[in-house]
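**Q** Just so it is clear, I am handing over structure-v1.json, which has JSON, C-alpha atoms and all ligand atoms.
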[["chain", "number", "residue", "atom", "x", "y", "z"],
["A", 729, "MET", "CA", 0.00, 0.00, 0.00],
["A", 730, "SER", "CA", 1.30, 3.48, -0.78],
["A", 731, "SER", "CA", 1.68, 5.72, 2.24],
["A", 732, "ASP", "CA", -1.12, 7.94, 0.87],
["A", 733, "THR", "CA", -3.54, 4.99, 0.84],
["A", 734, "THR", "CA", -2.33, 3.96, 4.28],
["A", 735, "ILE", "CA", -3.01, 7.39, 5.77],
["A", 736, "LYS", "CA", -6.44, 7.52, 4.09],
["A", 737, "THR", "CA", -7.31, 4.11, 5.56],
["A", 738, "GLU", "CA", -6.08, 5.23, 8.96],
["A", 739, "ILE", "CA", -8.17, 8.38, 8.85],
["A", 740, "LEU", "CA", -11.28, 6.31, 8.04],
["A", 741, "ILE", "CA", -10.52, 4.10, 11.03],
["A", 742, "HIS", "CA", -9.77, 7.16, 13.13],
["A", 743, "ASP", "CA", -13.23, 8.52, 12.29],
["A", 744, "LEU", "CA", -14.86, 5.37, 13.68],
["A", 745, "LYS", "CA", -14.04, 6.73, 17.14],
["A", 746, "VAL", "CA", -17.02, 9.09, 17.13],
["A", 747, "PRO", "CA", -19.80, 6.64, 16.18],
["A", 748, "ILE", "CA", -18.39, 4.07, 18.61],
["A", 749, "SER", "CA", -18.49, 6.65, 21.40],
["A", 750, "VAL", "CA", -22.09, 7.43, 20.50],
["A", 751, "ILE", "CA", -23.02, 3.73, 20.75],
["A", 752, "ASP", "CA", -21.20, 3.52, 24.09],
["A", 753, "ALA", "CA", -22.81, 6.69, 25.48],
["A", 754, "GLY", "CA", -26.29, 5.68, 24.29],
["A", 755, "ALA", "CA", -26.08, 2.25, 25.89],
["A", 756, "LYS", "CA", -24.72, 3.74, 29.12],
["A", 757, "SER", "CA", -27.60, 6.24, 29.25],
["A", 758, "LEU", "CA", -30.15, 3.43, 28.95],
["A", 759, "LEU", "CA", -28.39, 1.56, 31.74],
["A", 760, "ASN", "CA", -27.62, 4.39, 34.16],
["A", 761, "ARG", "CA", -30.59, 6.70, 33.64],
["A", 762, "GLN", "CA", -33.51, 4.33, 33.97],
["A", 763, "ASP", "CA", -35.44, 7.11, 35.75],
["A", 764, "THR", "CA", -35.45, 9.01, 32.43],
["A", 765, "TYR", "CA", -35.48, 6.16, 29.91],
["A", 766, "GLY", "CA", -37.60, 3.62, 31.76],
["A", 767, "PRO", "CA", -36.83, 0.55, 33.85],
["A", 768, "LEU", "CA", -34.94, -2.42, 32.37],
["A", 769, "THR", "CA", -35.43, -6.11, 32.95],
["A", 770, "GLU", "CA", -32.50, -8.25, 34.09],
["A", 771, "LYS", "CA", -32.20, -9.69, 30.56],
["A", 772, "GLN", "CA", -32.13, -6.22, 28.99],
["A", 773, "VAL", "CA", -29.39, -5.14, 31.41],
["A", 774, "LYS", "CA", -27.30, -8.15, 30.30],
["A", 775, "VAL", "CA", -27.69, -7.25, 26.62],
["A", 776, "ILE", "CA", -26.81, -3.60, 27.24],
["A", 777, "LYS", "CA", -23.74, -4.56, 29.26],
["A", 778, "ARG", "CA", -22.64, -6.75, 26.36],
["A", 779, "ILE", "CA", -23.05, -3.81, 23.97],
["A", 780, "ILE", "CA", -20.96, -1.57, 26.26],
["A", 781, "ARG", "CA", -18.25, -4.23, 26.63],
["A", 782, "ASN", "CA", -18.04, -4.61, 22.85],
["A", 783, "ALA", "CA", -18.01, -0.86, 22.24],
["A", 784, "LEU", "CA", -14.94, -0.88, 24.49],
["A", 785, "THR", "CA", -13.39, -3.76, 22.53],
["A", 786, "THR", "CA", -14.03, -1.86, 19.29],
["A", 787, "GLN", "CA", -12.48, 1.28, 20.76],
["A", 788, "ARG", "CA", -9.45, -0.77, 21.72],
["A", 789, "LEU", "CA", -9.24, -2.25, 18.20],
["A", 790, "VAL", "CA", -9.36, 1.21, 16.65],
["A", 791, "ASN", "CA", -6.59, 2.30, 19.01],
["A", 792, "ASP", "CA", -4.60, -0.83, 18.11],
["A", 793, "VAL", "CA", -4.86, -0.03, 14.39],
["A", 794, "LEU", "CA", -3.74, 3.53, 14.95],
["A", 795, "GLU", "CA", -0.91, 2.28, 17.16],
["A", 796, "LEU", "CA", 0.15, 0.08, 14.23],
["A", 797, "GLY", "CA", 0.66, 3.23, 12.22],
["A", 798, "ARG", "CA", 2.88, 4.56, 14.99],
["A", 799, "SER", "CA", 4.80, 1.33, 15.09],
["A", 800, "ARG", "CA", 5.42, 1.62, 11.33],
["A", 801, "GLU", "CA", 7.11, 4.88, 12.23],
["A", 802, "GLY", "CA", 9.26, 2.93, 14.69],
["A", 803, "VAL", "CA", 7.27, 3.64, 17.87],
["A", 804, "MET", "CA", 6.82, 0.69, 20.27],
["A", 805, "ILE", "CA", 4.62, 1.05, 23.31],
["A", 806, "THR", "CA", 5.79, -1.48, 25.85],
["A", 807, "ARG", "CA", 4.47, -1.95, 29.34],
["A", 808, "ASP", "CA", 4.17, -4.54, 32.09],
["A", 809, "PHE", "CA", 1.21, -6.93, 31.90],
["A", 810, "ASN", "CA", 0.60, -10.48, 33.03],
["A", 811, "ILE", "CA", -0.06, -13.47, 30.83],
["A", 812, "CYS", "CA", -3.19, -14.26, 32.79],
["A", 813, "SER", "CA", -4.93, -10.95, 31.97],
["A", 814, "LEU", "CA", -3.83, -11.22, 28.34],
["A", 815, "VAL", "CA", -5.39, -14.67, 27.87],
["A", 816, "MET", "CA", -8.52, -13.75, 29.85],
["A", 817, "SER", "CA", -9.15, -10.65, 27.72],
["A", 818, "VAL", "CA", -8.79, -12.67, 24.50],
["A", 819, "LEU", "CA", -11.15, -15.36, 25.79],
["A", 820, "ILE", "CA", -13.72, -12.73, 26.76],
["A", 821, "GLU", "CA", -13.57, -11.11, 23.31],
["A", 822, "ILE", "CA", -14.02, -14.46, 21.57],
["A", 823, "PHE", "CA", -16.80, -15.79, 23.78],
["A", 824, "ASP", "CA", -18.65, -12.48, 23.61],
["A", 825, "LEU", "CA", -19.45, -13.42, 20.03],
["A", 826, "ALA", "CA", -19.61, -17.21, 20.37],
["A", 827, "ASP", "CA", -21.45, -17.57, 23.67],
["A", 828, "PRO", "CA", -21.94, -14.47, 25.86],
["A", 829, "ALA", "CA", -23.20, -16.53, 28.81],
["A", 830, "VAL", "CA", -19.65, -17.89, 29.16],
["A", 831, "VAL", "CA", -18.32, -14.35, 29.56],
["A", 832, "ASP", "CA", -20.40, -13.87, 32.72],
["A", 833, "LEU", "CA", -18.89, -17.07, 34.11],
["A", 834, "ILE", "CA", -15.31, -16.17, 33.13],
["A", 835, "ARG", "CA", -15.54, -12.70, 34.68],
["A", 836, "LYS", "CA", -16.45, -14.15, 38.07],
["A", 837, "ILE", "CA", -13.56, -16.62, 38.14],
["A", 838, "GLN", "CA", -10.65, -16.16, 40.54],
["A", 839, "SER", "CA", -8.31, -19.10, 39.97],
["A", 840, "TYR", "CA", -6.59, -20.67, 36.96],
["A", 841, "ASP", "CA", -7.98, -24.12, 37.80],
["A", 842, "ALA", "CA", -11.55, -22.81, 37.94],
["A", 843, "LEU", "CA", -11.08, -21.02, 34.60],
["A", 844, "CYS", "CA", -9.75, -24.24, 33.01],
["A", 845, "ARG", "CA", -12.81, -26.16, 34.21],
["A", 846, "VAL", "CA", -15.29, -23.58, 32.88],
["A", 847, "VAL", "CA", -13.77, -23.05, 29.44],
["A", 848, "ASN", "CA", -13.08, -26.76, 29.01],
["A", 849, "ASP", "CA", -16.85, -27.29, 28.88],
["A", 850, "TYR", "CA", -16.92, -24.90, 25.91],
["A", 851, "GLY", "CA", -14.13, -26.48, 23.87],
["A", 852, "VAL", "CA", -11.08, -24.58, 25.17],
["A", 853, "LYS", "CA", -8.17, -26.35, 26.83],
["A", 854, "LEU", "CA", -5.69, -24.15, 28.66],
["A", 855, "ALA", "CA", -2.21, -25.51, 29.28],
["A", 856, "PHE", "CA", -0.14, -22.92, 31.12],
["A", 857, "ASP", "CA", 2.46, -23.57, 33.74],
["A", 858, "ALA", "CA", 1.18, -22.04, 37.03],
["A", 859, "LYS", "CA", 4.30, -19.86, 37.17],
["A", 860, "VAL", "CA", 3.92, -18.62, 33.58],
["A", 861, "TRP", "CA", 0.24, -17.83, 34.15],
["A", 862, "LYS", "CA", 1.21, -15.29, 36.84],
["A", 863, "THR", "CA", 4.32, -13.98, 35.08],
["A", 864, "VAL", "CA", 4.53, -10.28, 34.30],
["A", 865, "VAL", "CA", 6.16, -9.57, 30.92],
["A", 866, "HIS", "CA", 7.29, -6.29, 29.43],
["A", 867, "LEU", "CA", 6.12, -6.14, 25.80],
["A", 868, "ASP", "CA", 3.82, -4.21, 23.48],
["A", 869, "GLU", "CA", 0.58, -5.61, 24.91],
["A", 870, "ALA", "CA", -1.69, -4.40, 22.09],
["A", 871, "LYS", "CA", 0.44, -6.27, 19.55],
["A", 872, "VAL", "CA", 0.67, -9.48, 21.59],
["A", 873, "ARG", "CA", -3.11, -9.42, 22.19],
["A", 874, "GLN", "CA", -3.75, -8.91, 18.48],
["A", 875, "ILE", "CA", -1.54, -11.90, 17.62],
["A", 876, "LEU", "CA", -3.24, -14.18, 20.13],
["A", 877, "ARG", "CA", -6.74, -12.96, 19.22],
["A", 878, "ASN", "CA", -6.19, -13.71, 15.55],
["A", 879, "LEU", "CA", -4.77, -17.18, 16.11],
["A", 880, "VAL", "CA", -7.52, -18.13, 18.58],
["A", 881, "THR", "CA", -10.25, -16.70, 16.30],
["A", 882, "ASN", "CA", -8.97, -18.85, 13.42],
["A", 883, "ALA", "CA", -8.71, -21.93, 15.63],
["A", 884, "PHE", "CA", -12.31, -21.39, 16.76],
["A", 885, "LYS", "CA", -13.43, -20.98, 13.17],
["A", 886, "TYR", "CA", -11.84, -24.25, 12.04],
["A", 887, "LYS", "CA", -11.91, -26.49, 15.13],
["A", 888, "ALA", "CA", -13.91, -29.70, 15.24],
["A", 889, "VAL", "CA", -14.21, -30.05, 19.01],
["A", 890, "PHE", "CA", -11.47, -28.14, 20.81],
["A", 891, "VAL", "CA", -8.90, -25.36, 20.80],
["A", 892, "GLU", "CA", -5.84, -25.58, 23.03],
["A", 893, "ILE", "CA", -3.94, -22.49, 24.16],
["A", 894, "SER", "CA", -0.63, -22.98, 25.92],
["A", 895, "GLY", "CA", 2.30, -20.84, 26.94],
["A", 896, "SER", "CA", 5.77, -21.09, 28.37],
["A", 897, "ILE", "CA", 8.73, -18.85, 29.10],
["A", 898, "GLU", "CA", 12.29, -20.07, 28.64],
["A", 899, "ASN", "CA", 15.59, -18.36, 27.91],
["A", 900, "LYS", "CA", 13.95, -14.92, 27.73],
["A", 901, "LEU", "CA", 11.54, -16.17, 25.07],
["A", 902, "LEU", "CA", 7.75, -16.15, 25.41],
["A", 903, "THR", "CA", 6.25, -19.09, 23.50],
["A", 904, "MET", "CA", 2.50, -19.30, 22.88],
["A", 905, "CYS", "CA", 0.87, -22.14, 21.05],
["A", 906, "VAL", "CA", -2.67, -22.28, 19.61],
["A", 907, "ARG", "CA", -3.80, -25.69, 18.41],
["A", 908, "ASP", "CA", -7.08, -27.06, 17.06],
["A", 909, "ASP", "CA", -8.39, -30.40, 15.87],
["A", 910, "GLY", "CA", -10.05, -29.17, 12.68],
["A", 911, "ARG", "CA", -9.60, -29.84, 8.97],
["A", 912, "GLY", "CA", -5.95, -28.71, 9.02],
["A", 913, "ILE", "CA", -3.95, -26.99, 6.27],
["A", 914, "PRO", "CA", -2.30, -28.91, 3.39],
["A", 915, "PRO", "CA", 1.49, -28.32, 3.07],
["A", 916, "SER", "CA", 0.87, -26.71, -0.36],
["A", 917, "GLU", "CA", -0.92, -23.85, 1.44],
["A", 918, "HIS", "CA", 1.55, -23.33, 4.31],
["A", 919, "GLN", "CA", 3.19, -20.34, 2.56],
["A", 920, "LYS", "CA", 0.03, -18.93, 0.99],
["A", 921, "ILE", "CA", -1.99, -18.49, 4.18],
["A", 922, "PHE", "CA", 0.45, -15.83, 5.43],
["A", 923, "LYS", "CA", -0.09, -13.70, 2.31],
["A", 924, "THR", "CA", -2.43, -10.72, 2.51],
["A", 925, "TYR", "CA", -5.99, -11.46, 1.27],
["A", 926, "PHE", "CA", -5.51, -15.23, 0.95],
["A", 927, "THR", "CA", -8.58, -16.79, 2.51],
["A", 928, "THR", "CA", -10.54, -19.99, 2.23],
["A", 929, "GLY", "CA", -13.17, -18.62, 4.61],
["A", 930, "SER", "CA", -16.44, -17.55, 3.02],
["A", 931, "SER", "CA", -18.81, -14.86, 4.13],
["A", 932, "LEU", "CA", -21.68, -17.32, 3.81],
["A", 933, "ASP", "CA", -20.81, -19.82, 6.52],
["A", 934, "ASN", "CA", -19.78, -17.21, 9.03],
["A", 935, "ALA", "CA", -21.38, -14.27, 10.79],
["A", 936, "ILE", "CA", -18.16, -12.37, 10.15],
["A", 937, "LYS", "CA", -16.70, -11.99, 6.70],
["A", 938, "SER", "CA", -13.21, -13.45, 6.17],
["A", 939, "HIS", "CA", -10.70, -11.09, 4.59],
["A", 940, "GLY", "CA", -7.50, -13.13, 4.65],
["A", 941, "LEU", "CA", -5.83, -10.41, 6.69],
["A", 942, "GLY", "CA", -5.43, -12.03, 10.11],
["A", 943, "LEU", "CA", -2.29, -14.09, 9.59],
["A", 944, "ALA", "CA", -0.62, -11.51, 7.34],
["A", 945, "GLY", "CA", -1.15, -8.99, 10.17],
["A", 946, "VAL", "CA", 0.24, -11.42, 12.75],
["A", 947, "MET", "CA", 3.43, -11.79, 10.69],
["A", 948, "VAL", "CA", 3.92, -8.00, 10.50],
["A", 949, "LEU", "CA", 3.40, -7.62, 14.25],
["A", 950, "LEU", "CA", 5.80, -10.46, 15.01],
["A", 951, "LYS", "CA", 8.45, -8.96, 12.76],
["A", 952, "ASP", "CA", 8.12, -5.66, 14.68],
["A", 953, "MET", "CA", 8.84, -7.49, 17.91],
["A", 954, "GLY", "CA", 11.64, -9.69, 16.55],
["A", 955, "GLY", "CA", 9.44, -12.76, 16.93],
["A", 956, "GLU", "CA", 8.70, -15.72, 14.70],
["A", 957, "MET", "CA", 5.94, -18.23, 14.01],
["A", 958, "THR", "CA", 5.93, -21.87, 12.97],
["A", 959, "LEU", "CA", 3.01, -23.90, 11.67],
["A", 960, "ASN", "CA", 2.51, -27.64, 12.08],
["A", 961, "SER", "CA", -0.45, -28.93, 10.15],
["A", 962, "ASN", "CA", -1.69, -31.35, 7.57],
["A", 963, "CYS", "CA", -5.05, -32.20, 5.98],
["A", 964, "GLY", "CA", -7.46, -33.58, 8.53],
["A", 965, "LYS", "CA", -4.88, -33.31, 11.31],
["A", 966, "GLY", "CA", -5.75, -29.95, 12.86],
["A", 967, "ALA", "CA", -3.39, -26.97, 12.97],
["A", 968, "GLU", "CA", -0.83, -25.78, 15.48],
["A", 969, "PHE", "CA", 0.58, -22.24, 15.35],
["A", 970, "ILE", "CA", 3.59, -21.62, 17.59],
["A", 971, "VAL", "CA", 4.65, -18.05, 18.25],
["A", 972, "LYS", "CA", 7.97, -17.05, 19.85],
["A", 973, "ILE", "CA", 8.56, -13.52, 21.09],
["A", 974, "PRO", "CA", 11.82, -12.37, 22.70],
["A", 975, "LEU", "CA", 11.35, -10.72, 26.09],
["B", 1001, "LIG", "N1", -6.61, -23.02, 12.45],
["B", 1001, "LIG", "C1", -6.76, -23.13, 11.12],
["B", 1001, "LIG", "N2", -7.20, -24.27, 10.56],
["B", 1001, "LIG", "C2", -7.36, -24.39, 9.22],
["B", 1001, "LIG", "N3", -7.09, -23.38, 8.35],
["B", 1001, "LIG", "C3", -6.65, -22.22, 8.85],
["B", 1001, "LIG", "C4", -6.45, -22.02, 10.25],
["B", 1001, "LIG", "N4", -6.00, -20.77, 10.44],
["B", 1001, "LIG", "C5", -5.92, -20.21, 9.22],
["B", 1001, "LIG", "N5", -6.31, -21.08, 8.25],
["B", 1001, "LIG", "C6", -6.31, -20.84, 6.80],
["B", 1001, "LIG", "O1", -5.56, -19.68, 6.52],
["B", 1001, "LIG", "C7", -6.35, -18.73, 5.81],
["B", 1001, "LIG", "C8", -5.88, -17.33, 6.16],
["B", 1001, "LIG", "O2", -6.15, -17.05, 7.54],
["B", 1001, "LIG", "P1", -6.32, -15.53, 7.96],
["B", 1001, "LIG", "O3", -6.55, -15.47, 9.42],
["B", 1001, "LIG", "O4", -5.19, -14.74, 7.40],
["B", 1001, "LIG", "O5", -7.62, -15.10, 7.15],
["B", 1001, "LIG", "P2", -9.16, -15.44, 7.42],
["B", 1001, "LIG", "O6", -9.30, -16.05, 8.78],
["B", 1001, "LIG", "O7", -9.64, -16.24, 6.27],
["B", 1001, "LIG", "O8", -9.83, -14.01, 7.37],
["B", 1001, "LIG", "P3", -9.68, -12.82, 8.46],
["B", 1001, "LIG", "O9", -8.68, -13.26, 9.49],
["B", 1001, "LIG", "O10", -9.24, -11.64, 7.68],
["B", 1001, "LIG", "O11", -11.05, -12.68, 9.03],
["B", 1001, "LIG", "C9", -7.78, -19.06, 6.23],
["B", 1001, "LIG", "O12", -8.71, -18.61, 5.29],
["B", 1001, "LIG", "C10", -7.72, -20.59, 6.28],
["B", 1001, "LIG", "O13", -7.80, -21.13, 5.00],
["B", 1002, "MG", "MG", -8.43, -15.06, 10.51]]
Please re-express this file's structure in C-alpha cells.
Ligand SMILES: Nc1ncnc2c1ncn2[C@@H]1O[C@H](COP(=O)(O)OP(=O)(O)OP(=O)(O)O)[C@@H](O)[C@H]1O
Ligand SMILES: [Mg+2]
**A**
Amino acid sequence: MSSDTTIKTEILIHDLKVPISVIDAGAKSLLNRQDTYGPLTEKQVKVIKRIIRNALTTQRLVNDVLELGRSREGVMITRDFNICSLVMSVLIEIFDLADPAVVDLIRKIQSYDALCRVVNDYGVKLAFDAKVWKTVVHLDEAKVRQILRNLVTNAFKYKAVFVEISGSIENKLLTMCVRDDGRGIPPSEHQKIFKTYFTTGSSLDNAIKSHGLGLAGVMVLLKDMGGEMTLNSNCGKGAEFIVKIPL
C-alpha cells in the first residue's frame, strides 16, 4: 500500500471513534438513567452490558490499528502486563461473540484451575504452567493481544471439538501455542496463508466476513517485535501455530 492509501485508511478508522463513542454513550444512558429512559429487565441489562463491553473492545481495536501506524514509524509502546490478563481478555472477546453466557462465568472466576474447568466445557483447553500464568512480561501488549486474538479466532473458526492455548517462558523467550483439531492446512498452502488477502473462509458460513488479513497482520506484528511463528499442520490433522517472542 502506498503511504497515501495507508493514511487515508487510517483516517477512516480514526473517524470510527465518534460513532463508537455514540453507541457507548447511548447504551450507558439506557443503563444508568432508567429514571429518564424507563426501567430495564435483568435480561435487557445483560444485553446492554454486552453492547458496552463490545463498544470498548471496538475502541481498543481502533486504538490498536492507529498504534500500528505509529509502530510503522518505529514507535513501540511497551508496558508490564501479566499473561493471565492477556489470555482472559482474548477469551472474553471471543466468547462475547460465540457464547456471551460464558463471559459472565469467566468474569467471576478467581483461579486458573476454575477457569480451566469452565472453558473446558466450551471447547477450550488451557495448558499454562502455574508460574507462567502469573508472570509479568514487558512487551507491546496491544500487539501481543492482536496476535493471540487472531490465532484463537482462526482456531475457533476451524476447530472440530477443541482449541488448546498454551504458553511457556524459557531463555527470555515467550512461547504461545494455539492448536485445534479441525480440517488442518495442506502443506501446499503453508506459505500462501500468510499472504495478505488469501482466505478460504467464506462470508456465507460465518457471521463475520473473512478477509484473509489475520495471519498476514500477525506476521507484521511479530516482525516488529523480533518474533517468529511456525506452523505444524496437515489435511485432517488440525493446525498448530507456535509463536515465539523475545522478552
Ligand atoms: N486453524 C486453522 N485451521 C485451518 N485453516 C486455517 C487455520 N487458520 C488459518 N487457516 C487458513 O488460513 C487462511 C488465512 O487465515 P487468515 O486469518 O489470514 O484469514 P481469514 O481467517 O480467512 O480471514 P480474516 O482473518 O481476515 O477474518 C484461512 O482462510 C484458512 O484457510
Ligand atoms: Mg483469521
**Q** Could you jot down the atom C7 of ligand LIG 1001 (chain B) to atom CA of A:Ser896 separation for me, Å, one decimal place?
**A** 25.7 Å
**Q** Using only C-alpha atoms and all ligand atoms, which of A:Val830, A:Leu876, A:Leu949, A:Ala842 sits nearest ligand MG 1002 (chain B)?
**A**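 Checking each of A:Val830, A:Leu876, A:Leu949, A:Ala842 against ligand MG 1002 (chain B), counting only C-alpha atoms and all ligand atoms, the winner is A:Leu876.
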**Q** Taking only C-alpha atoms and all ligand atoms into account, report as JSON, numbers by chain which residues have an atom no farther than 10 Å from an atom of ligand LIG 1001 (chain B).
**A** {"A": [877, 878, 879, 880, 881, 882, 883, 884, 885, 886, 887, 888, 891, 906, 907, 908, 909, 910, 911, 912, 913, 914, 917, 918, 919, 920, 921, 922, 923, 924, 925, 926, 927, 928, 929, 930, 931, 934, 936, 937, 938, 939, 940, 941, 942, 943, 944, 945, 946, 947, 959, 961, 962, 963, 964, 965, 966, 967, 968, 969]}
**Q** Could you check how far atom CA of A:Asn810 sits from atom CA of A:Met957, in Å to one decimal?
**A**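 Atom CA of A:Met957 lies 21.2 Å from atom CA of A:Asn810.
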**Q** Rounded to one decimal in Å, what is the spacing between atom CA of A:Ala855 and atom CA of A:Thr806?
**A**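 Computing the Euclidean distance for atom CA of A:Ala855 and atom CA of A:Thr806 yields 25.6 Å.
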**Q** Show which residues sit within 12 Å of A:Ser757, as number ranges by chain. Count all atoms listed in the file, and ignore same-chain residues fewer than 3 positions away.
**A** A: 750-754, 760-768, 773, 776-777, 780
**Q** Rank A:Arg798, A:Ile805, A:Ala755, A:Gln874 by their smallest atom-to-atom distance to ligand MG 1002 (chain B), using all atoms listed in the file, and report the top residue only.
**A**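 Answer, going by the shortest atom-to-atom distance: A:Gln874.
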**Q** For A:Thr785, which residue out of A:Ser749, A:Thr863, A:Thr958, A:Thr737 is the nearest one, using all atoms listed in the file?
**A**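 Looking only at the distances to A:Thr785, the closest residue turns out to be A:Ser749.
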**Q** Which is closest to ligand MG 1002 (chain B) among A:Ile973, A:Ile875, A:Leu758, A:Met953, if we use only C-alpha atoms and all ligand atoms?
**A** A:Ile875
